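Enquirer: The structure that follows is given in the form of structure tokens.
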Amino acid sequence: MEDRVFNILEWDKVCARLAAHAQTVLGKARLTGLAPCATREQAEAELGKVEEAVRFRQRIGDLPWSGVSDIHRLLRKAQAGGVLGPGELNQLVAFIVAGRRIRQTLTEIPPDIKVPGLHQVAEQLFDARQTEVEIRQAIAEDDSVLDQASPELRQIRQQRRQFEGRIRDRLEAMLRTHQRFLQDPVITVRGDSLCLPVRVEFKQQIPGVIHDVSASGATVFVEPQEVVSLHARVRALVMEEERAVERVLQRLSGVVAAVADGLASNACWLGQLDAWFAKAAYALSEDAQMPRLRSDGVWSLRRARHPLIPRDQAVPMDLSLGQPFTLVVITGPNTGGKTVALKTLGLLTLMAMSGCFIPASEGSELSWCDGVYADIGDEQSIEQSLSTFSAHMRNIVGMLHKVSAHSLVLLDELGAGTDPAEGAALAVALLEYFKERGVRVVATTHYAELKAYAFHEPLATNASVEFDIETLRPTYRLRVGVPGRSNALAIAARLGVPEAILARARAELRSDNVRVEELIAKIEIAQRQAEQLRAEAERERQALVEERARLALERAQWEASRQQEEADAVRRAQEVLERAEREAERVIQELRSRQRQAVVKDHELVALRKALDEARPNLQTGQRRRIGPADIPVGATVRVLSFGQKGEVVERSADGRELVVQLGPLRMKLPVQDVELVSGAQRTAEQAVTRVRRNPAAHVPLQLDVRGHTVDEAIPQVDKYLDAAVVHGLKRVTIIHGKGTGALRDGLRRFLSRHPHVAAWAPGGPGEGGDGATVCDLQ
């Protein structure tokens, strides 16, 4: 595809908007140079990955990109035998840690989130943990080389510290013994030497090397002769230390070179992941939808928007191309949106072919094409002696031998810039040429001849951009099937052109042109009315569809609830019956035993009867009902609430507030509020069922922040978090406790050392919080 087409359509601005959502330099570089995929299959695979990224962002969020940087220069340097500095090595460590963290995030997601493509990419990431460990053992977070980097370096630094200590001890002794010769009893540093501030009149009293003189000249800074030789030894050790550090860095650079290919592969995959997630972020922010790519030359755009126009300002358009029409001729006034419609179609096609969601409604379809060709704008050039017409023709001639039945051609102001009659004739001939070869063409024009051609040609159709005559403003709505009007005379009238001039202009128009304009106006009115009716019908249809879906959902939920309640009721009833059978059998056995012993007493019979009654299943419905004085008949069977026993009403007080109830051998006077009718106080087994709902398990984060807590407060939180992490299958988590005084850190690490879920722990590395965090490997 020609670069000129990308420039005409402003493709670089679309890429810049996509790149703005990228989180890494690697992702931004990919999106800045974004181009259409080589095949439709590749574009569909790219769209699938972006769809997974959208799903991931909606459920979990973005990936942890901290630490991902462009390491290609460092890898090339290491492979070429160069020596990487401590900062560069720490940058590589941060990159390695970030890659492992991203891999863990993608591989340890809940099973209900289906992202197989992203999971497969995560499995491709190379784990350079051994390289990370070697660098961490030698390089500190502040880019200094640690003593433990090599035995030689440790020995040199120990010697250096010993000599520096001797120098300081000697100088401090001289401070005490030569205090009267000194300006101040302090040790100062001049250059890389430790000196004493000696009064100028006593400079001969302390032999040594003068390194500096104060501004007033009253003080000279002397390095005593006694420490000069010691300091020379220190300088020698410093040089040896530098060489030892260089050897450590050279060794680590070799370690990096050994895994450079794997790290380069990681950089490639991480850049690709960032590009997918940036496309997903763009899709969510712009309400863009996944397009369907076709191979039969058919476009069907629904409420498509120009990707460079703000969402709240863009006017959506519907456009179909390829079925049944292969040519669309757009007419209408200037600044009405014809060129915007062309660029919208071209940009959305390029976006879909590049694996991007498009700002259009769901169900939009675009065809894969072997090339997008465009002639848009005025490309006249004085330097090249090209007029507007010549520039247009040069571009079109360049297309003629390249286009095929799988090409998309966008032509703005076809045939303009020359004699109208000749220009119109040439435009018709070009459209015929493209039609015979099956090329999909969308062209804009003002020529009435092209409107007539699109009206008579079966494979062509007219379209127009709407213009409001009352406000003299375009509405930017695209109407397919209706040719547009220039509205030149109407606009002139609203702008104040005298009526006499307008009347003369109308007289100059041919009668057939007048009739065509009037017919187009009537068609526009009829189509506008039809669209209003269609919109109302669509709203009503959508409301009916939503209502039907709601009713179907409610019915399904009710049916599922009913079936569950029936199953629970059957289970509970079965349990009640089994319990009743066991209790009845026990009572029968007890009665038989006492019958044989002939020692059955009244109160024992009452107790056995109560046990049998309580074992009887409650299968009636209704709520417990409190009895009023007039509702209790003498002889009714009631249950005494305070005793939980049944009895018979044998007497009622005169005022009806108290009842005398026979409970076995006992008679008791009770308030009416303490009794209930047996017939109205039972519930069915189904109503007795208690339904328990469980909340779906929440996603467990990869880190826990306990900063600001005491050890006693933090340990229960950490213990609970580790239990949840193990239940959800996490293998590696991070506890953030901060540095502070170290009390919280030490207490938690002692707790982690004996925790059964923790296989091992280590301080966080670069990008993980350093000593302010502890990384735990879980069993």
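Quick note on naming: the chains in the structure tokens go A, B, ... in the order shown, residues restart at 1 in each chain, and ligands are numbered from 1 in order of appearance.
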Between segment 49-146 of chain A and segment 749-772 of chain A, at 8 Å or less, what are the per-residue closest atom pairs and their distances in Å? Count only C-alpha atoms, order by chain and rising residue number, and return it as CSV.

Expert:
```
residue,atom,partner,partner_atom,distance
A:Ser66,CA,A:Gly767,CA,7.1
A:Gly67,CA,A:Gly767,CA,6.3
A:Asn90,CA,A:Pro766,CA,7.2
A:Val93,CA,A:Pro766,CA,6.9
A:Ala94,CA,A:Pro766,CA,5.7
A:Val97,CA,A:Gly767,CA,7.3
A:Ala98,CA,A:Gly767,CA,7.7
A:Arg136,CA,A:Gly765,CA,7.6
A:Glu141,CA,A:Pro766,CA,6.2
```

Enquirer: Please list as a PyMOL selection string every residue within 7 Å of Leu249 of chain A, counting only C-alpha atoms and excluding residues in the same chain fewer than 4 positions away.

Expert: chain A and resi 83-85+245+253

Enquirer: Just to be explicit: take each residue in the selection above, keep C-alpha atoms, and write the result as an mmCIF file, in the first residue's frame.

Expert:
```cif
data_model
loop_
_atom_site.group_PDB
_atom_site.id
_atom_site.type_symbol
_atom_site.label_atom_id
_atom_site.label_comp_id
_atom_site.auth_asym_id
_atom_site.auth_seq_id
_atom_site.Cartn_x
_atom_site.Cartn_y
_atom_site.Cartn_z
ATOM 1 C CA VAL A 83 30.700 -3.911 29.554
ATOM 2 C CA LEU A 84 27.317 -2.958 31.040
ATOM 3 C CA GLY A 85 27.249 -0.476 33.891
ATOM 4 C CA VAL A 245 34.653 -3.752 39.757
ATOM 5 C CA SER A 253 27.810 -8.647 30.986
#
```

Enquirer: Would you mind reading off the distance between atom CA of Lys13 of chain A and atom CA of Phe56 of chain A, one decimal, in Å?

Expert: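 Going from atom CA of Lys13 of chain A over to atom CA of Phe56 of chain A covers 26.7 Å.
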
Enquirer: Applying 12 Å and only C-alpha atoms, which residues near Val340 of chain A remain after dropping the ones on its own chain fewer than 3 positions away? List them as a PyMOL selection string.

Expert: chain A and resi 8-10+304-309+314-317+330+334-337+343-348+376-377+410+412+443-444+465+476-478

Enquirer: Near Arg437 of chain A, within 12 Å and counting only C-alpha atoms, which residues show up once chain neighbours fewer than 4 positions away are dropped, as a ChimeraX atom specification?

Expert: /A:326-327,400-408,430-433,441

Enquirer: Please extract the residues of segment 423-457 of chain A with a backbone DSSP assignment of strand (DSSP E or B) and present them as a list in words.

Expert: Arg440, Val441, Val442, Ala443 and Thr444 of chain A

Enquirer: How would the residues just chosen look if you wrote them out with N, CA and C atoms as an mmCIF file, in the first residue's frame?

Expert:
```cif
data_model
loop_
_atom_site.group_PDB
_atom_site.id
_atom_site.type_symbol
_atom_site.label_atom_id
_atom_site.label_comp_id
_atom_site.auth_asym_id
_atom_site.auth_seq_id
_atom_site.Cartn_x
_atom_site.Cartn_y
_atom_site.Cartn_z
ATOM 1 N N ARG A 440 -14.341 -1.868 -5.988
ATOM 2 C CA ARG A 440 -15.280 -1.137 -5.133
ATOM 3 C C ARG A 440 -14.840 0.319 -5.082
ATOM 4 N N VAL A 441 -15.767 1.234 -5.474
ATOM 5 C CA VAL A 441 -15.434 2.653 -5.613
ATOM 6 C C VAL A 441 -16.455 3.490 -4.858
ATOM 7 N N VAL A 442 -15.952 4.469 -4.111
ATOM 8 C CA VAL A 442 -16.798 5.509 -3.522
ATOM 9 C C VAL A 442 -16.237 6.841 -4.008
ATOM 10 N N ALA A 443 -17.079 7.627 -4.689
ATOM 11 C CA ALA A 443 -16.608 8.878 -5.294
ATOM 12 C C ALA A 443 -17.543 10.012 -4.905
ATOM 13 N N THR A 444 -16.969 11.221 -4.760
ATOM 14 C CA THR A 444 -17.782 12.414 -4.504
ATOM 15 C C THR A 444 -17.739 13.301 -5.744
#
```

Enquirer: Using only C-alpha atoms, pick whichever of A:Arg579, A:His119, A:Arg534, A:Arg494 has the shortest atom-to-atom distance to Thr107 of chain A.

Expert: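 Among the listed residues, A:His119 lies closest to Thr107 of chain A.
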
Enquirer: Contacts of Val428 of chain A at 9 Å or less, counting only C-alpha atoms, minus same-chain residues fewer than 4 places along, as a list in words?

Expert: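 My reading of the contact set: Gly415, Gly423, Ala424, Glu432, Tyr433, Glu449, Leu450 and Tyr453 of chain A.
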
Enquirer: Write the residues of the preceding selection, restricted to all heavy atoms, as an mmCIF file, in the first residue's frame.

Expert:
```cif
data_model
loop_
_atom_site.group_PDB
_atom_site.id
_atom_site.type_symbol
_atom_site.label_atom_id
_atom_site.label_comp_id
_atom_site.auth_asym_id
_atom_site.auth_seq_id
_atom_site.Cartn_x
_atom_site.Cartn_y
_atom_site.Cartn_z
ATOM 1 N N GLY A 415 -13.334 14.256 -11.569
ATOM 2 C CA GLY A 415 -13.528 15.024 -12.794
ATOM 3 C C GLY A 415 -13.494 16.518 -12.602
ATOM 4 O O GLY A 415 -13.749 17.266 -13.558
ATOM 5 N N GLY A 423 -15.114 17.077 -17.977
ATOM 6 C CA GLY A 423 -14.825 16.440 -16.691
ATOM 7 C C GLY A 423 -15.863 15.397 -16.348
ATOM 8 O O GLY A 423 -15.530 14.301 -15.860
ATOM 9 N N ALA A 424 -17.142 15.693 -16.564
ATOM 10 C CA ALA A 424 -18.204 14.731 -16.277
ATOM 11 C C ALA A 424 -18.079 13.503 -17.171
ATOM 12 O O ALA A 424 -18.247 12.366 -16.706
ATOM 13 C CB ALA A 424 -19.567 15.392 -16.451
ATOM 14 N N GLU A 432 -16.922 3.552 -15.281
ATOM 15 C CA GLU A 432 -17.177 2.366 -16.102
ATOM 16 C C GLU A 432 -15.964 1.432 -16.093
ATOM 17 O O GLU A 432 -16.105 0.198 -16.020
ATOM 18 C CB GLU A 432 -17.504 2.789 -17.539
ATOM 19 C CG GLU A 432 -18.943 3.226 -17.753
ATOM 20 C CD GLU A 432 -19.895 2.049 -17.668
ATOM 21 O OE1 GLU A 432 -19.623 1.002 -18.300
ATOM 22 O OE2 GLU A 432 -20.898 2.151 -16.930
ATOM 23 N N TYR A 433 -14.788 2.012 -16.171
ATOM 24 C CA TYR A 433 -13.550 1.213 -16.151
ATOM 25 C C TYR A 433 -13.444 0.422 -14.845
ATOM 26 O O TYR A 433 -13.170 -0.783 -14.851
ATOM 27 C CB TYR A 433 -12.349 2.144 -16.323
ATOM 28 C CG TYR A 433 -11.006 1.445 -16.264
ATOM 29 C CD1 TYR A 433 -10.423 0.918 -17.417
ATOM 30 C CD2 TYR A 433 -10.330 1.319 -15.056
ATOM 31 C CE1 TYR A 433 -9.182 0.281 -17.359
ATOM 32 C CE2 TYR A 433 -9.095 0.688 -14.988
ATOM 33 C CZ TYR A 433 -8.526 0.167 -16.151
ATOM 34 O OH TYR A 433 -7.306 -0.475 -16.090
ATOM 35 N N GLU A 449 -24.410 14.876 -14.202
ATOM 36 C CA GLU A 449 -24.281 13.706 -15.077
ATOM 37 C C GLU A 449 -23.937 12.439 -14.285
ATOM 38 O O GLU A 449 -24.389 11.344 -14.619
ATOM 39 C CB GLU A 449 -23.202 13.962 -16.134
ATOM 40 C CG GLU A 449 -23.588 15.012 -17.172
ATOM 41 C CD GLU A 449 -23.310 16.430 -16.703
ATOM 42 O OE1 GLU A 449 -22.986 16.590 -15.496
ATOM 43 O OE2 GLU A 449 -23.436 17.358 -17.506
ATOM 44 N N LEU A 450 -23.134 12.592 -13.226
ATOM 45 C CA LEU A 450 -22.788 11.426 -12.419
ATOM 46 C C LEU A 450 -23.971 10.975 -11.568
ATOM 47 O O LEU A 450 -24.132 9.787 -11.291
ATOM 48 C CB LEU A 450 -21.589 11.746 -11.527
ATOM 49 C CG LEU A 450 -20.255 11.943 -12.255
ATOM 50 C CD1 LEU A 450 -19.128 12.122 -11.247
ATOM 51 C CD2 LEU A 450 -19.962 10.773 -13.151
ATOM 52 N N TYR A 453 -25.910 8.966 -13.972
ATOM 53 C CA TYR A 453 -25.244 7.684 -14.218
ATOM 54 C C TYR A 453 -25.520 6.701 -13.073
ATOM 55 O O TYR A 453 -25.867 5.541 -13.307
ATOM 56 C CB TYR A 453 -23.741 7.910 -14.363
ATOM 57 C CG TYR A 453 -22.941 6.629 -14.384
ATOM 58 C CD1 TYR A 453 -22.847 5.861 -15.536
ATOM 59 C CD2 TYR A 453 -22.294 6.182 -13.227
ATOM 60 C CE1 TYR A 453 -22.131 4.680 -15.552
ATOM 61 C CE2 TYR A 453 -21.564 5.009 -13.232
ATOM 62 C CZ TYR A 453 -21.491 4.258 -14.396
ATOM 63 O OH TYR A 453 -20.789 3.078 -14.403
#
```

Enquirer: Neighbours of segment 223-226 of chain A within 10 Å (only C-alpha atoms; same-chain residues fewer than 4 positions away dropped), as a short mmCIF file (atom, residue, chain, number, x, y, z; two decimals) with all heavy atoms, in the first residue's frame?

Expert:
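The resulting file, result28.cif, is shown below:
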```cif
data_model
loop_
_atom_site.label_atom_id
_atom_site.label_comp_id
_atom_site.auth_asym_id
_atom_site.auth_seq_id
_atom_site.Cartn_x
_atom_site.Cartn_y
_atom_site.Cartn_z
N ILE A 167 44.22 6.17 58.96
CA ILE A 167 44.44 7.59 58.65
C ILE A 167 43.60 8.46 59.58
O ILE A 167 44.07 9.44 60.18
CB ILE A 167 44.11 7.87 57.18
CG1 ILE A 167 45.14 7.20 56.26
CG2 ILE A 167 44.05 9.38 56.91
CD1 ILE A 167 44.80 7.30 54.79
N ARG A 170 44.90 8.45 63.16
CA ARG A 170 46.11 9.27 63.32
C ARG A 170 45.77 10.75 63.33
O ARG A 170 46.31 11.52 64.14
CB ARG A 170 47.09 8.96 62.18
CG ARG A 170 48.42 9.67 62.32
CD ARG A 170 49.10 9.30 63.62
NE ARG A 170 50.29 10.10 63.87
CZ ARG A 170 50.72 10.47 65.05
NH1 ARG A 170 50.04 10.10 66.14
NH2 ARG A 170 51.82 11.19 65.20
N LEU A 171 44.86 11.17 62.45
CA LEU A 171 44.48 12.58 62.40
C LEU A 171 43.75 12.98 63.67
O LEU A 171 43.93 14.11 64.17
CB LEU A 171 43.60 12.83 61.16
CG LEU A 171 44.32 12.74 59.80
CD1 LEU A 171 43.33 12.92 58.67
CD2 LEU A 171 45.41 13.82 59.71
N MET A 174 46.21 13.63 66.27
CA MET A 174 46.89 14.91 66.07
C MET A 174 45.99 16.08 66.45
O MET A 174 46.48 17.14 66.84
CB MET A 174 47.35 15.04 64.61
CG MET A 174 48.43 14.03 64.23
SD MET A 174 49.02 14.25 62.54
CE MET A 174 49.91 15.79 62.71
N ILE A 187 38.57 17.64 61.07
CA ILE A 187 39.25 17.06 59.92
C ILE A 187 38.48 17.47 58.68
O ILE A 187 37.26 17.28 58.60
CB ILE A 187 39.30 15.52 60.03
CG1 ILE A 187 40.08 15.10 61.29
CG2 ILE A 187 39.94 14.91 58.79
CD1 ILE A 187 40.03 13.60 61.55
N THR A 188 39.17 18.05 57.73
CA THR A 188 38.51 18.51 56.50
C THR A 188 39.00 17.68 55.33
O THR A 188 40.02 16.98 55.40
CB THR A 188 38.82 19.99 56.25
OG1 THR A 188 40.24 20.15 56.07
CG2 THR A 188 38.34 20.84 57.41
N VAL A 189 38.24 17.80 54.22
CA VAL A 189 38.57 17.06 53.00
C VAL A 189 38.89 18.07 51.91
O VAL A 189 38.11 18.99 51.65
CB VAL A 189 37.40 16.15 52.57
CG1 VAL A 189 37.75 15.43 51.27
CG2 VAL A 189 37.08 15.15 53.68
N ARG A 190 40.03 17.89 51.32
CA ARG A 190 40.44 18.71 50.18
C ARG A 190 40.82 17.76 49.05
O ARG A 190 41.80 17.01 49.17
CB ARG A 190 41.61 19.63 50.52
CG ARG A 190 41.22 20.80 51.42
CD ARG A 190 40.22 21.70 50.70
NE ARG A 190 39.86 22.87 51.47
CZ ARG A 190 38.83 22.92 52.31
NH1 ARG A 190 38.10 21.84 52.50
NH2 ARG A 190 38.55 24.03 52.97
N SER A 193 41.91 14.05 49.78
CA SER A 193 42.82 13.94 50.92
C SER A 193 42.15 14.48 52.18
O SER A 193 41.38 15.45 52.14
CB SER A 193 44.11 14.72 50.66
OG SER A 193 44.76 14.23 49.51
N LEU A 194 42.50 13.86 53.32
CA LEU A 194 42.04 14.31 54.62
C LEU A 194 43.10 15.26 55.20
O LEU A 194 44.28 14.91 55.29
CB LEU A 194 41.83 13.12 55.56
CG LEU A 194 40.74 12.13 55.15
CD1 LEU A 194 40.68 10.97 56.12
CD2 LEU A 194 39.39 12.83 55.07
N CYS A 195 42.67 16.47 55.57
CA CYS A 195 43.62 17.51 55.99
C CYS A 195 43.21 18.09 57.33
O CYS A 195 42.08 17.94 57.79
CB CYS A 195 43.68 18.63 54.95
SG CYS A 195 44.14 18.07 53.29
N LEU A 196 44.20 18.83 57.93
CA LEU A 196 43.95 19.56 59.16
C LEU A 196 44.00 21.06 58.85
O LEU A 196 44.88 21.53 58.11
CB LEU A 196 45.01 19.23 60.21
CG LEU A 196 45.05 17.77 60.69
CD1 LEU A 196 46.19 17.57 61.68
CD2 LEU A 196 43.74 17.37 61.31
N PRO A 197 43.06 21.87 59.41
CA PRO A 197 43.08 23.33 59.19
C PRO A 197 44.10 23.99 60.12
O PRO A 197 43.83 24.22 61.31
CB PRO A 197 41.64 23.75 59.51
CG PRO A 197 41.16 22.72 60.48
CD PRO A 197 41.86 21.44 60.14
N VAL A 198 45.28 24.30 59.61
CA VAL A 198 46.40 24.81 60.42
C VAL A 198 46.49 26.33 60.25
O VAL A 198 46.35 26.85 59.14
CB VAL A 198 47.73 24.15 60.01
CG1 VAL A 198 48.88 24.68 60.86
CG2 VAL A 198 47.62 22.64 60.12
N ILE A 206 53.63 21.57 61.62
CA ILE A 206 53.03 20.29 61.21
C ILE A 206 53.54 19.99 59.80
O ILE A 206 53.00 20.52 58.81
CB ILE A 206 51.50 20.34 61.24
CG1 ILE A 206 51.02 20.67 62.65
CG2 ILE A 206 50.91 19.00 60.80
CD1 ILE A 206 49.52 20.77 62.79
N PRO A 207 54.58 19.18 59.66
CA PRO A 207 55.11 18.86 58.33
C PRO A 207 54.06 18.09 57.52
O PRO A 207 53.32 17.26 58.04
CB PRO A 207 56.32 17.97 58.64
CG PRO A 207 56.64 18.23 60.08
CD PRO A 207 55.36 18.55 60.75
N GLY A 208 54.03 18.40 56.27
CA GLY A 208 53.10 17.69 55.39
C GLY A 208 52.89 18.42 54.08
O GLY A 208 53.64 19.34 53.74
N VAL A 209 51.85 18.06 53.36
CA VAL A 209 51.54 18.62 52.04
C VAL A 209 50.37 19.59 52.19
O VAL A 209 49.33 19.24 52.76
CB VAL A 209 51.17 17.50 51.04
CG1 VAL A 209 50.81 18.11 49.68
CG2 VAL A 209 52.32 16.52 50.91
N ILE A 210 50.59 20.83 51.72
CA ILE A 210 49.52 21.83 51.76
C ILE A 210 48.66 21.65 50.50
O ILE A 210 49.15 21.78 49.37
CB ILE A 210 50.10 23.24 51.81
CG1 ILE A 210 50.91 23.43 53.09
CG2 ILE A 210 48.98 24.28 51.73
CD1 ILE A 210 51.61 24.78 53.20
N HIS A 211 47.37 21.38 50.70
CA HIS A 211 46.45 21.14 49.57
C HIS A 211 45.59 22.36 49.26
O HIS A 211 45.07 22.45 48.14
CB HIS A 211 45.53 19.96 49.89
CG HIS A 211 46.24 18.63 49.81
ND1 HIS A 211 46.47 17.96 48.64
CD2 HIS A 211 46.77 17.85 50.79
CE1 HIS A 211 47.12 16.82 48.88
NE2 HIS A 211 47.31 16.73 50.18
N ASP A 212 45.43 23.30 50.21
CA ASP A 212 44.55 24.43 49.95
C ASP A 212 44.82 25.52 50.98
O ASP A 212 45.42 25.27 52.03
CB ASP A 212 43.09 23.99 50.03
CG ASP A 212 42.16 24.99 49.34
OD1 ASP A 212 42.67 25.96 48.75
OD2 ASP A 212 40.92 24.79 49.40
N LEU A 230 50.15 6.57 53.93
CA LEU A 230 48.93 5.77 54.08
C LEU A 230 47.90 6.13 53.01
O LEU A 230 47.24 5.25 52.44
CB LEU A 230 48.34 5.98 55.47
CG LEU A 230 49.17 5.47 56.66
CD1 LEU A 230 48.49 5.83 57.98
CD2 LEU A 230 49.37 3.96 56.56
N HIS A 231 47.78 7.41 52.74
CA HIS A 231 46.82 7.85 51.73
C HIS A 231 47.23 7.39 50.34
O HIS A 231 46.38 7.06 49.49
CB HIS A 231 46.67 9.37 51.77
CG HIS A 231 45.52 9.87 50.95
ND1 HIS A 231 45.68 10.35 49.67
CD2 HIS A 231 44.19 9.92 51.22
CE1 HIS A 231 44.52 10.71 49.19
NE2 HIS A 231 43.59 10.46 50.10
#
```

Enquirer: Using atom CA of Arg176 of chain A and atom CA of Gln205 of chain A as the two end points, give the distance in Å to one decimal.

Expert: 14.6 Å

Enquirer: Report, in Å to a single decimal, how far apart atom CA of Ile109 of chain A and atom CA of Val133 of chain A are.

Expert: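 These atoms are spaced 26.7 Å apart.
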
Enquirer: Smallest atom-to-atom distance to Val372 of chain A: which of A:Arg154, A:Ile71, A:Val5, A:Ile736, using only C-alpha atoms?

Expert: A:Val5

Enquirer: Could you list, as a ChimeraX atom specification, every residue within 7 Å of segment 461-464 of chain A, counting only C-alpha atoms and ignoring same-chain residues fewer than 3 positions away?

Expert: /A:325,327-332,451,454-455,478-484

Enquirer: Would you mind exporting N, CA, C and O atoms of the selected residues as a short mmCIF file (atom, residue, chain, number, x, y, z; two decimals), in the first residue's frame?

Expert:
```cif
data_model
loop_
_atom_site.label_atom_id
_atom_site.label_comp_id
_atom_site.auth_asym_id
_atom_site.auth_seq_id
_atom_site.Cartn_x
_atom_site.Cartn_y
_atom_site.Cartn_z
N PHE A 325 -24.41 -2.95 -4.71
CA PHE A 325 -23.75 -1.88 -5.45
C PHE A 325 -22.25 -1.94 -5.26
O PHE A 325 -21.76 -2.09 -4.14
N LEU A 327 -20.45 0.64 -6.83
CA LEU A 327 -20.10 2.05 -6.98
C LEU A 327 -21.07 2.89 -6.16
O LEU A 327 -22.29 2.68 -6.23
N VAL A 328 -20.55 3.83 -5.38
CA VAL A 328 -21.38 4.77 -4.63
C VAL A 328 -20.93 6.18 -5.00
O VAL A 328 -19.75 6.51 -4.87
N VAL A 329 -21.88 7.00 -5.49
CA VAL A 329 -21.60 8.38 -5.88
C VAL A 329 -22.24 9.30 -4.84
O VAL A 329 -23.46 9.32 -4.69
N ILE A 330 -21.39 10.05 -4.11
CA ILE A 330 -21.87 10.94 -3.05
C ILE A 330 -21.88 12.37 -3.58
O ILE A 330 -20.87 12.87 -4.08
N THR A 331 -23.03 13.02 -3.43
CA THR A 331 -23.15 14.41 -3.86
C THR A 331 -23.68 15.24 -2.70
O THR A 331 -24.13 14.71 -1.69
N GLY A 332 -23.63 16.55 -2.89
CA GLY A 332 -24.10 17.46 -1.85
C GLY A 332 -23.25 18.70 -1.81
O GLY A 332 -22.25 18.83 -2.55
N LYS A 451 -24.82 11.92 -11.16
CA LYS A 451 -26.05 11.52 -10.46
C LYS A 451 -26.92 10.69 -11.39
O LYS A 451 -27.46 9.64 -10.97
N ALA A 454 -25.40 7.18 -11.83
CA ALA A 454 -25.66 6.31 -10.69
C ALA A 454 -27.12 5.89 -10.63
O ALA A 454 -27.43 4.80 -10.13
N PHE A 455 -28.02 6.74 -11.15
CA PHE A 455 -29.45 6.40 -11.13
C PHE A 455 -29.77 5.28 -12.14
O PHE A 455 -30.58 4.40 -11.86
N LEU A 478 -25.26 11.03 6.30
CA LEU A 478 -25.13 10.44 4.96
C LEU A 478 -26.42 9.68 4.64
O LEU A 478 -26.85 8.81 5.41
N ARG A 479 -27.02 10.00 3.48
CA ARG A 479 -28.24 9.33 3.04
C ARG A 479 -27.93 8.55 1.77
O ARG A 479 -27.57 9.13 0.75
N VAL A 480 -28.07 7.24 1.87
CA VAL A 480 -27.79 6.38 0.72
C VAL A 480 -29.08 6.17 -0.06
O VAL A 480 -30.14 5.90 0.52
N GLY A 481 -28.98 6.29 -1.40
CA GLY A 481 -30.13 6.08 -2.27
C GLY A 481 -30.73 7.36 -2.79
O GLY A 481 -31.60 7.32 -3.66
N VAL A 482 -30.30 8.51 -2.27
CA VAL A 482 -30.86 9.79 -2.68
C VAL A 482 -29.73 10.70 -3.13
O VAL A 482 -28.78 10.91 -2.37
N PRO A 483 -29.77 11.26 -4.34
CA PRO A 483 -28.73 12.20 -4.76
C PRO A 483 -28.86 13.51 -4.02
O PRO A 483 -29.93 13.89 -3.55
N GLY A 484 -27.74 14.22 -3.90
CA GLY A 484 -27.74 15.47 -3.16
C GLY A 484 -27.91 16.66 -4.08
O GLY A 484 -27.76 16.58 -5.30
#
```

Enquirer: Using only C-alpha atoms, which of the listed residues (A:Val711, A:Val14, A:Val255, A:Leu273) sits closest to Leu92 of chain A?

Expert: A:Val255

Enquirer: Which residue out of A:Arg652, A:His709, A:Arg251, A:Lys435 has the minimum interatomic distance to Ala460 of chain A when only C-alpha atoms are used?

Expert: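 Comparing A:Arg652, A:His709, A:Arg251, A:Lys435 against Ala460 of chain A, the winner is A:Lys435.
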